[in-house]
$ cat upload.cif   # mmCIF, C-alpha atoms
data_upload
loop_
_atom_site.label_atom_id
_atom_site.label_comp_id
_atom_site.auth_asym_id
_atom_site.auth_seq_id
_atom_site.Cartn_x
_atom_site.Cartn_y
_atom_site.Cartn_z
CA MET A 1 25.50 15.37 -13.05
CA LEU A 2 23.94 18.08 -10.92
CA PRO A 3 26.27 20.63 -9.25
CA GLU A 4 25.70 19.26 -5.75
CA GLN A 5 26.34 15.72 -6.92
CA ARG A 6 29.51 16.86 -8.64
CA LYS A 7 30.76 18.56 -5.48
CA ARG A 8 30.10 15.48 -3.39
CA ARG A 9 32.03 13.47 -5.96
CA ILE A 10 34.94 15.92 -5.76
CA VAL A 11 35.12 15.57 -1.99
CA ALA A 12 35.08 11.78 -2.32
CA LEU A 13 37.83 11.75 -4.98
CA VAL A 14 40.07 14.15 -3.05
CA THR A 15 39.65 12.15 0.16
CA GLU A 16 40.08 8.71 -1.40
CA HIS A 17 43.27 9.68 -3.24
CA ASN A 18 44.67 12.03 -0.57
CA GLY A 19 44.50 14.90 -3.03
CA ARG A 20 43.72 15.50 -6.69
CA SER A 21 44.78 18.14 -9.23
CA VAL A 22 42.31 20.38 -11.04
CA ALA A 23 43.18 18.68 -14.32
CA GLU A 24 42.54 15.20 -12.89
CA LEU A 25 39.19 16.23 -11.43
CA ALA A 26 38.11 17.94 -14.64
CA GLU A 27 38.94 14.84 -16.69
CA LYS A 28 37.29 12.47 -14.22
CA LEU A 29 34.08 14.52 -14.02
CA GLY A 30 33.92 15.60 -17.64
CA VAL A 31 33.76 19.34 -16.87
CA SER A 32 36.02 22.32 -17.47
CA LYS A 33 38.91 23.28 -15.20
CA ALA A 34 37.15 26.58 -14.52
CA THR A 35 34.12 24.69 -13.20
CA VAL A 36 36.34 22.57 -10.97
CA ARG A 37 38.09 25.65 -9.60
CA ARG A 38 34.75 27.27 -8.72
CA ASP A 39 33.61 24.06 -7.04
CA LEU A 40 36.85 23.80 -5.07
CA GLN A 41 36.49 27.34 -3.81
CA GLU A 42 32.95 26.68 -2.62
CA LEU A 43 33.99 23.42 -0.98
CA GLU A 44 36.88 25.11 0.80
CA ASP A 45 34.51 27.83 2.03
CA GLN A 46 32.43 25.01 3.55
CA SER A 47 35.58 23.47 5.12
CA LEU A 48 35.07 20.24 3.13
CA ILE A 49 38.45 20.31 1.34
CA GLU A 50 41.60 22.43 1.36
CA ARG A 51 42.92 24.13 -1.74
CA SER A 52 46.50 23.36 -2.72
CA HIS A 53 48.69 24.55 -5.55
CA GLY A 54 46.93 23.24 -8.66
CA GLY A 55 44.32 21.19 -6.86
CA ALA A 56 42.95 20.16 -3.47
CA VAL A 57 43.77 17.92 -0.50
CA PRO A 58 41.54 16.49 2.24
CA VAL A 59 40.63 18.91 4.99
CA THR A 60 43.18 18.93 7.80
CA THR A 61 42.11 17.39 11.11
CA VAL A 62 44.10 16.53 14.21
CA GLY A 63 43.82 12.82 13.38
CA ARG A 64 44.83 13.06 9.74
CA GLU A 65 48.19 11.63 8.72
CA GLN A 66 49.66 11.78 5.24
CA PRO A 67 51.08 8.54 3.78
CA TYR A 68 54.84 8.06 4.20
CA GLY A 69 55.52 8.15 0.46
CA GLN A 70 53.80 11.51 0.12
CA ARG A 71 55.67 13.04 3.07
CA GLU A 72 58.97 11.70 1.78
CA VAL A 73 58.98 14.06 -1.21
CA GLN A 74 57.40 17.12 0.42
CA ARG A 75 59.69 20.06 1.30
CA LEU A 76 62.71 17.88 0.52
CA ASP A 77 65.11 20.82 0.13
CA ALA A 78 64.24 22.02 3.63
CA LYS A 79 64.69 18.54 5.09
CA VAL A 80 68.10 18.18 3.46
CA ALA A 81 69.24 21.55 4.82
CA ILE A 82 68.02 20.62 8.31
CA ALA A 83 69.79 17.25 8.11
CA GLU A 84 73.09 18.77 7.01
CA ARG A 85 73.06 20.97 10.11
CA ALA A 86 71.77 18.20 12.38
CA VAL A 87 74.68 15.81 11.76
CA GLU A 88 77.02 18.44 13.23
CA GLU A 89 75.58 17.42 16.62
CA ILE A 90 76.98 13.87 16.36
CA GLN A 91 80.12 12.94 18.27
CA ASP A 92 82.31 9.94 17.52
CA GLY A 93 81.30 6.84 19.43
CA ALA A 94 77.91 8.22 20.49
CA VAL A 95 74.81 6.06 20.83
CA VAL A 96 72.32 7.88 18.61
CA PHE A 97 68.59 7.19 18.31
CA PHE A 98 66.85 8.02 15.04
CA ASP A 99 63.10 8.47 15.36
CA SER A 100 61.07 7.29 12.38
CA GLY A 101 60.23 10.01 9.87
CA THR A 102 61.21 11.58 6.59
CA THR A 103 63.38 14.35 8.06
CA THR A 104 65.23 11.94 10.34
CA LEU A 105 65.75 9.75 7.26
CA GLU A 106 67.66 12.61 5.65
CA VAL A 107 69.78 12.90 8.81
CA ALA A 108 70.51 9.17 8.65
CA LYS A 109 71.70 9.50 5.04
CA ARG A 110 74.43 11.90 6.22
CA THR A 111 75.47 10.15 9.41
CA PRO A 112 79.13 9.20 9.95
CA GLU A 113 79.96 5.54 10.53
CA SER A 114 81.63 6.10 13.91
CA ILE A 115 78.45 5.72 16.00
CA VAL A 116 76.09 3.12 17.39
CA ALA A 117 72.76 3.83 15.69
CA VAL A 118 69.39 2.77 17.12
CA THR A 119 66.03 3.28 15.45
CA ASN A 120 62.40 2.22 15.35
CA SER A 121 62.35 2.60 11.56
CA PRO A 122 63.30 -0.29 9.25
CA VAL A 123 63.69 2.25 6.42
CA ILE A 124 66.23 4.23 8.43
CA ALA A 125 67.96 1.05 9.62
CA LEU A 126 68.68 0.07 6.01
CA GLU A 127 70.03 3.55 5.28
CA LEU A 128 72.30 3.43 8.34
CA ASP A 129 73.49 -0.04 7.37
CA ARG A 130 74.66 1.37 4.03
CA ALA A 131 76.70 3.91 6.01
CA ASP A 132 78.39 0.95 7.77
CA CYS A 133 77.18 1.98 11.23
CA GLU A 134 76.48 -0.51 13.98
CA VAL A 135 72.67 -0.59 13.81
CA LYS A 136 70.12 -1.77 16.36
CA LEU A 137 66.34 -1.98 15.80
CA THR A 138 63.81 -1.69 18.60
CA GLY A 139 61.60 -4.52 17.36
CA GLY A 140 57.84 -4.20 17.58
CA THR A 141 54.86 -4.00 15.25
CA LEU A 142 55.22 -2.09 11.98
CA ARG A 143 52.80 0.81 11.43
CA HIS A 144 52.29 0.92 7.68
CA ARG A 145 51.28 4.58 7.66
CA SER A 146 54.57 5.81 9.11
CA ARG A 147 56.88 2.78 8.66
CA ALA A 148 57.54 2.94 12.42
CA LEU A 149 57.90 0.08 14.88
CA VAL A 150 55.57 0.48 17.86
CA GLY A 151 53.82 -1.56 20.55
CA PRO A 152 54.76 -3.41 23.76
CA SER A 153 57.92 -5.06 22.39
CA ALA A 154 59.29 -1.76 21.12
CA GLU A 155 58.39 0.00 24.37
CA SER A 156 60.07 -2.74 26.43
CA PHE A 157 63.27 -2.25 24.43
CA MET A 158 63.17 1.49 25.04
CA GLU A 159 62.67 1.14 28.79
CA ARG A 160 65.96 -0.82 29.09
CA MET A 161 68.17 1.48 26.99
CA ASN A 162 69.91 4.86 27.26
CA PHE A 163 71.02 7.11 24.42
CA ASP A 164 73.44 10.00 24.06
CA LEU A 165 71.58 11.77 21.28
CA LEU A 166 68.10 11.65 19.74
CA PHE A 167 66.94 12.99 16.40
CA LEU A 168 63.22 13.46 16.98
CA GLY A 169 60.47 14.15 14.46
CA ALA A 170 56.96 15.57 14.92
CA ASN A 171 53.80 16.02 12.88
CA ALA A 172 52.92 19.32 14.55
CA ILE A 173 54.49 21.84 16.93
CA ASP A 174 52.91 24.67 18.87
CA ALA A 175 53.35 26.36 22.25
CA GLU A 176 52.04 23.25 24.03
CA GLY A 177 54.72 21.02 22.54
CA LEU A 178 55.27 18.33 19.93
CA MET A 179 52.42 16.20 18.58
CA THR A 180 51.66 13.14 16.47
CA PRO A 181 48.38 11.58 15.24
CA ASP A 182 48.95 8.12 16.73
CA GLU A 183 48.89 7.09 20.40
CA ASP A 184 51.32 4.17 19.95
CA GLU A 185 53.85 6.42 18.26
CA ALA A 186 53.35 9.07 20.95
CA ARG A 187 54.29 6.53 23.65
CA MET A 188 57.43 5.58 21.74
CA LYS A 189 58.44 9.20 21.21
CA SER A 190 57.92 9.99 24.89
CA LEU A 191 60.22 7.09 25.81
CA MET A 192 62.83 8.31 23.33
CA VAL A 193 62.88 11.70 25.04
CA GLU A 194 62.91 10.18 28.53
CA ARG A 195 65.86 7.86 27.78
CA THR A 196 68.08 10.37 25.94
CA GLN A 197 70.67 12.79 27.28
CA HIS A 198 70.51 15.31 24.42
CA VAL A 199 67.31 15.73 22.37
CA ILE A 200 67.40 17.33 18.91
CA ALA A 201 64.03 18.00 17.25
CA VAL A 202 64.24 18.25 13.46
CA ALA A 203 61.18 19.77 11.82
CA ASP A 204 60.52 21.96 8.80
CA ALA A 205 58.57 25.18 9.24
CA SER A 206 55.31 23.71 7.92
CA LYS A 207 54.90 21.95 11.30
CA PHE A 208 54.59 25.21 13.25
CA GLY A 209 51.13 26.23 14.39
CA GLU A 210 49.67 22.87 13.40
CA ARG A 211 47.77 20.59 15.78
CA SER A 212 47.71 16.81 15.99
CA PHE A 213 45.98 14.24 18.17
CA VAL A 214 48.53 13.39 20.88
CA ASN A 215 51.13 15.53 22.67
CA PHE A 216 54.31 13.56 23.41
CA ALA A 217 56.87 16.17 24.54
CA ALA A 218 56.92 19.67 25.96
CA LEU A 219 59.13 22.31 24.36
CA ASP A 220 61.31 22.58 27.46
CA GLU A 221 62.26 18.90 27.01
CA ILE A 222 63.96 19.75 23.70
CA ASP A 223 67.64 20.74 23.85
CA ARG A 224 67.74 22.03 20.29
CA LEU A 225 65.15 22.59 17.55
CA ILE A 226 66.60 22.65 14.04
CA THR A 227 64.27 24.07 11.42
CA ASP A 228 64.28 25.99 8.15
CA GLY A 229 62.17 28.98 9.14
CA GLU A 230 61.38 31.43 11.91
CA PRO A 231 59.26 29.63 14.53
CA PRO A 232 56.38 31.46 16.23
CA ALA A 233 57.52 33.51 19.22
CA ASP A 234 55.75 31.24 21.72
CA VAL A 235 57.48 28.17 20.28
CA ARG A 236 60.89 29.85 20.46
CA ASP A 237 60.21 31.01 24.01
CA GLY A 238 59.15 27.51 25.04
CA CYS A 239 62.32 25.98 23.62
CA GLU A 240 64.58 28.56 25.25
CA SER A 241 62.81 28.63 28.64
CA ALA A 242 64.87 25.74 30.04
CA GLY A 243 68.12 26.54 28.25
CA GLY A 244 67.30 24.98 24.87
CA SER A 245 68.00 26.66 21.56
CA VAL A 246 66.55 27.12 18.10
CA VAL A 247 68.70 26.84 14.98
CA GLU A 248 67.32 28.19 11.71
CA VAL A 249 69.18 26.80 8.71
CA GLY A 250 69.62 29.11 5.77
CA SER A 251 69.33 32.24 7.91
#
$ encode --input "upload.cif" --output "structure tokens"
Amino acid sequence: MLPEQRKRRIVALVTEHNGRSVAELAEKLGVSKATVRRDLQELEDQSLIERSHGGAVPVTTVGREQPYGQREVQRLDAKVAIAERAVEEIQDGAVVFFDSGTTTLEVAKRTPESIVAVTNSPVIALELDRADCEVKLTGGTLRHRSRALVGPSAESFMERMNFDLLFLGANAIDAEGLMTPDEDEARMKSLMVERTQHVIAVADASKFGERSFVNFAALDEIDRLITDGEPPADVRDGCESAGGSVVEVGS
């Protein structure tokens, strides 16, 4: 296989499998790990892939969304720390909405039973049911990529309800606000924020400075951002501009 053919094959393998290790690529292509590393560096220089620890992942774009199973295990320690702080916001008897997502799932795992829990995530609903909460699902169409319920039925449910507290996730956060790759999910998230008295965004520090396809909330709509690292100054300023706050766990 010629070098250019090999590089094209690397890009295809990394994209198809949402990432591959150096060892996997070397075995698949029948070349040395050193050759693969050189190829990966050249491909990253051309913005065709992104290097990761021990391998490569597809190049980041505003429309790219990692599969749920992959996100579920990424930065798990940070998500657990965020969740342990987030549940301190819950008051007995509150009506609490849990946005779909892997960080909000960790919050759900630690939620007391003395609430009414509402969610657009069947995964989170099952977790809350194990905690013996009263659980309500929005209904709607299931998005396989995020395991979230979306669409007209889900939106109709949201437009009729009010919530005391919202645990809100995001794929990306910058000075312009919170973002997600999918328009249907963006509409649902906007309704969550609109219908809730107290909005808590839960997001690990890898979300800062990233961009995604659709903005769904401004920073001044967030009452509290709970994260595991120092946010950029413009993000902090945006959160605090209307009386919101930023909580950094572990600091």
$ resolve_selection --input "upload.cif" --expression "the PyMOL selection byres ((chain A and resi 234) around 12)" --output "PDB file with C-alpha atoms, keeping the file's coordinate frame"
ATOM      1  CA  ILE A 173      54.490  21.840  16.930  1.00  0.00           C
ATOM      2  CA  ASP A 174      52.910  24.670  18.870  1.00  0.00           C
ATOM      3  CA  ALA A 175      53.350  26.360  22.250  1.00  0.00           C
ATOM      4  CA  GLU A 176      52.040  23.250  24.030  1.00  0.00           C
ATOM      5  CA  GLY A 177      54.720  21.020  22.540  1.00  0.00           C
ATOM      6  CA  PHE A 208      54.590  25.210  13.250  1.00  0.00           C
ATOM      7  CA  GLY A 209      51.130  26.230  14.390  1.00  0.00           C
ATOM      8  CA  LEU A 219      59.130  22.310  24.360  1.00  0.00           C
ATOM      9  CA  ASP A 220      61.310  22.580  27.460  1.00  0.00           C
ATOM     10  CA  GLU A 230      61.380  31.430  11.910  1.00  0.00           C
ATOM     11  CA  PRO A 231      59.260  29.630  14.530  1.00  0.00           C
ATOM     12  CA  PRO A 232      56.380  31.460  16.230  1.00  0.00           C
ATOM     13  CA  ALA A 233      57.520  33.510  19.220  1.00  0.00           C
ATOM     14  CA  VAL A 235      57.480  28.170  20.280  1.00  0.00           C
ATOM     15  CA  ARG A 236      60.890  29.850  20.460  1.00  0.00           C
ATOM     16  CA  ASP A 237      60.210  31.010  24.010  1.00  0.00           C
ATOM     17  CA  GLY A 238      59.150  27.510  25.040  1.00  0.00           C
ATOM     18  CA  CYS A 239      62.320  25.980  23.620  1.00  0.00           C
ATOM     19  CA  GLU A 240      64.580  28.560  25.250  1.00  0.00           C
ATOM     20  CA  SER A 241      62.810  28.630  28.640  1.00  0.00           C
TER      21      SER A 241
END
$ residues_around --input "upload.cif" --residues "range 6-10 of chain A" --least-positions-apart "2" --cutoff "9 Å" --atoms "all atoms listed in the file" --output "NGL selection string"
:A and (1-4 or 12-15 or 20 or 25 or 29 or 36 or 39-40 or 42-43)
$ resolve_selection --input "upload.cif" --expression "the PyMOL selection byres ((chain A and resi 117) around 8)" --output "number ranges by chain"
A: 95-98, 115-116, 118-119, 128, 133-136
$ resolve_selection --input "upload.cif" --expression "the PyMOL selection byres ((chain A and resi 161) around 12)" --output "PyMOL selection string"
chain A and resi 95-97+118-119+136-138+154-160+162-164+191-197
$ closest_residue --input "upload.cif" --among "A:Ile49, A:Ile124, A:Leu142, A:Ala217" --to "Ala170 in chain A" --atoms "only C-alpha atoms"
A:Ala217
$ residues_around --input "upload.cif" --residues "range 199-206 of chain A" --least-positions-apart "4" --cutoff "8 Å" --atoms "all atoms listed in the file" --output "PDB file with C-alpha atoms, in the coordinates of the input"
ATOM      1  CA  ARG A  75      59.690  20.060   1.300  1.00  0.00           C
ATOM      2  CA  ALA A  78      64.240  22.020   3.630  1.00  0.00           C
ATOM      3  CA  LYS A  79      64.690  18.540   5.090  1.00  0.00           C
ATOM      4  CA  ILE A  82      68.020  20.620   8.310  1.00  0.00           C
ATOM      5  CA  ALA A  83      69.790  17.250   8.110  1.00  0.00           C
ATOM      6  CA  ALA A  86      71.770  18.200  12.380  1.00  0.00           C
ATOM      7  CA  THR A 103      63.380  14.350   8.060  1.00  0.00           C
ATOM      8  CA  THR A 104      65.230  11.940  10.340  1.00  0.00           C
ATOM      9  CA  LEU A 165      71.580  11.770  21.280  1.00  0.00           C
ATOM     10  CA  LEU A 166      68.100  11.650  19.740  1.00  0.00           C
ATOM     11  CA  PHE A 167      66.940  12.990  16.400  1.00  0.00           C
ATOM     12  CA  LEU A 168      63.220  13.460  16.980  1.00  0.00           C
ATOM     13  CA  GLY A 169      60.470  14.150  14.460  1.00  0.00           C
ATOM     14  CA  ALA A 170      56.960  15.570  14.920  1.00  0.00           C
ATOM     15  CA  VAL A 193      62.880  11.700  25.040  1.00  0.00           C
ATOM     16  CA  GLU A 210      49.670  22.870  13.400  1.00  0.00           C
ATOM     17  CA  GLU A 221      62.260  18.900  27.010  1.00  0.00           C
ATOM     18  CA  ILE A 222      63.960  19.750  23.700  1.00  0.00           C
ATOM     19  CA  ASP A 223      67.640  20.740  23.850  1.00  0.00           C
ATOM     20  CA  ARG A 224      67.740  22.030  20.290  1.00  0.00           C
ATOM     21  CA  LEU A 225      65.150  22.590  17.550  1.00  0.00           C
ATOM     22  CA  ILE A 226      66.600  22.650  14.040  1.00  0.00           C
ATOM     23  CA  THR A 227      64.270  24.070  11.420  1.00  0.00           C
ATOM     24  CA  ASP A 228      64.280  25.990   8.150  1.00  0.00           C
ATOM     25  CA  GLY A 229      62.170  28.980   9.140  1.00  0.00           C
ATOM     26  CA  GLU A 230      61.380  31.430  11.910  1.00  0.00           C
ATOM     27  CA  PRO A 231      59.260  29.630  14.530  1.00  0.00           C
TER      28      PRO A 231
END
$ atom_distance --input "upload.cif" --atom1 "CA of Arg130 in chain A" --atom2 "CA of Thr102 in chain A"
17.1 Å
$ closest_residue --input "upload.cif" --among "A:Val11, A:Val249, A:Asp182, A:Glu127" --to "Ser47 in chain A" --atoms "all atoms listed in the file"
A:Val11
$ decode --input "upload.cif" --residues "range 1-56 of chain A" --atoms "C-alpha atoms" --output "mmCIF file, in the first residue's frame"
data_model
loop_
_atom_site.group_PDB
_atom_site.id
_atom_site.type_symbol
_atom_site.label_atom_id
_atom_site.label_comp_id
_atom_site.auth_asym_id
_atom_site.auth_seq_id
_atom_site.Cartn_x
_atom_site.Cartn_y
_atom_site.Cartn_z
ATOM 1 C CA MET A 1 0.000 0.000 0.000
ATOM 2 C CA LEU A 2 1.358 3.390 -0.979
ATOM 3 C CA PRO A 3 1.751 6.034 1.779
ATOM 4 C CA GLU A 4 -1.114 8.177 0.503
ATOM 5 C CA GLN A 5 -3.403 5.171 0.268
ATOM 6 C CA ARG A 6 -2.440 4.170 3.787
ATOM 7 C CA LYS A 7 -3.236 7.631 5.127
ATOM 8 C CA ARG A 8 -6.623 7.663 3.445
ATOM 9 C CA ARG A 9 -7.290 4.265 5.002
ATOM 10 C CA ILE A 10 -6.313 5.600 8.440
ATOM 11 C CA VAL A 11 -8.753 8.487 8.133
ATOM 12 C CA ALA A 12 -11.509 6.075 7.094
ATOM 13 C CA LEU A 13 -10.813 3.678 9.990
ATOM 14 C CA VAL A 14 -10.650 6.454 12.583
ATOM 15 C CA THR A 15 -13.893 7.991 11.310
ATOM 16 C CA GLU A 16 -15.817 4.735 10.950
ATOM 17 C CA HIS A 17 -14.930 3.537 14.455
ATOM 18 C CA ASN A 18 -14.989 6.954 16.154
ATOM 19 C CA GLY A 19 -11.325 6.567 17.026
ATOM 20 C CA ARG A 20 -8.588 3.955 16.822
ATOM 21 C CA SER A 21 -5.406 3.286 18.809
ATOM 22 C CA VAL A 22 -1.954 3.246 17.243
ATOM 23 C CA ALA A 23 -1.684 -0.475 17.949
ATOM 24 C CA GLU A 24 -5.017 -1.222 16.239
ATOM 25 C CA LEU A 25 -4.090 0.808 13.169
ATOM 26 C CA ALA A 26 -0.655 -0.789 12.920
ATOM 27 C CA GLU A 27 -2.156 -4.280 13.083
ATOM 28 C CA LYS A 28 -4.920 -3.471 10.607
ATOM 29 C CA LEU A 29 -2.533 -1.918 8.074
ATOM 30 C CA GLY A 30 0.386 -4.269 8.586
ATOM 31 C CA VAL A 31 2.910 -1.513 9.368
ATOM 32 C CA SER A 32 4.928 -0.484 12.403
ATOM 33 C CA LYS A 33 3.592 1.711 15.201
ATOM 34 C CA ALA A 34 6.275 4.264 14.344
ATOM 35 C CA THR A 35 4.919 4.504 10.799
ATOM 36 C CA VAL A 36 1.393 4.980 12.116
ATOM 37 C CA ARG A 37 2.528 7.718 14.495
ATOM 38 C CA ARG A 38 4.237 9.594 11.645
ATOM 39 C CA ASP A 39 1.120 9.252 9.510
ATOM 40 C CA LEU A 40 -1.103 10.481 12.335
ATOM 41 C CA GLN A 41 1.054 13.544 12.826
ATOM 42 C CA GLU A 42 0.871 14.410 9.143
ATOM 43 C CA LEU A 43 -2.889 13.839 9.080
ATOM 44 C CA GLU A 44 -3.380 16.048 12.124
ATOM 45 C CA ASP A 45 -1.284 18.765 10.477
ATOM 46 C CA GLN A 46 -3.745 18.572 7.559
ATOM 47 C CA SER A 47 -6.719 18.760 9.999
ATOM 48 C CA LEU A 48 -7.965 15.339 8.832
ATOM 49 C CA ILE A 49 -7.860 13.658 12.266
ATOM 50 C CA GLU A 50 -7.110 14.648 15.854
ATOM 51 C CA ARG A 51 -4.421 12.961 17.899
ATOM 52 C CA SER A 52 -5.480 11.460 21.213
ATOM 53 C CA HIS A 53 -3.576 9.644 23.925
ATOM 54 C CA GLY A 54 -2.358 6.481 22.194
ATOM 55 C CA GLY A 55 -4.232 6.986 18.958
ATOM 56 C CA ALA A 56 -6.550 9.288 17.025
#
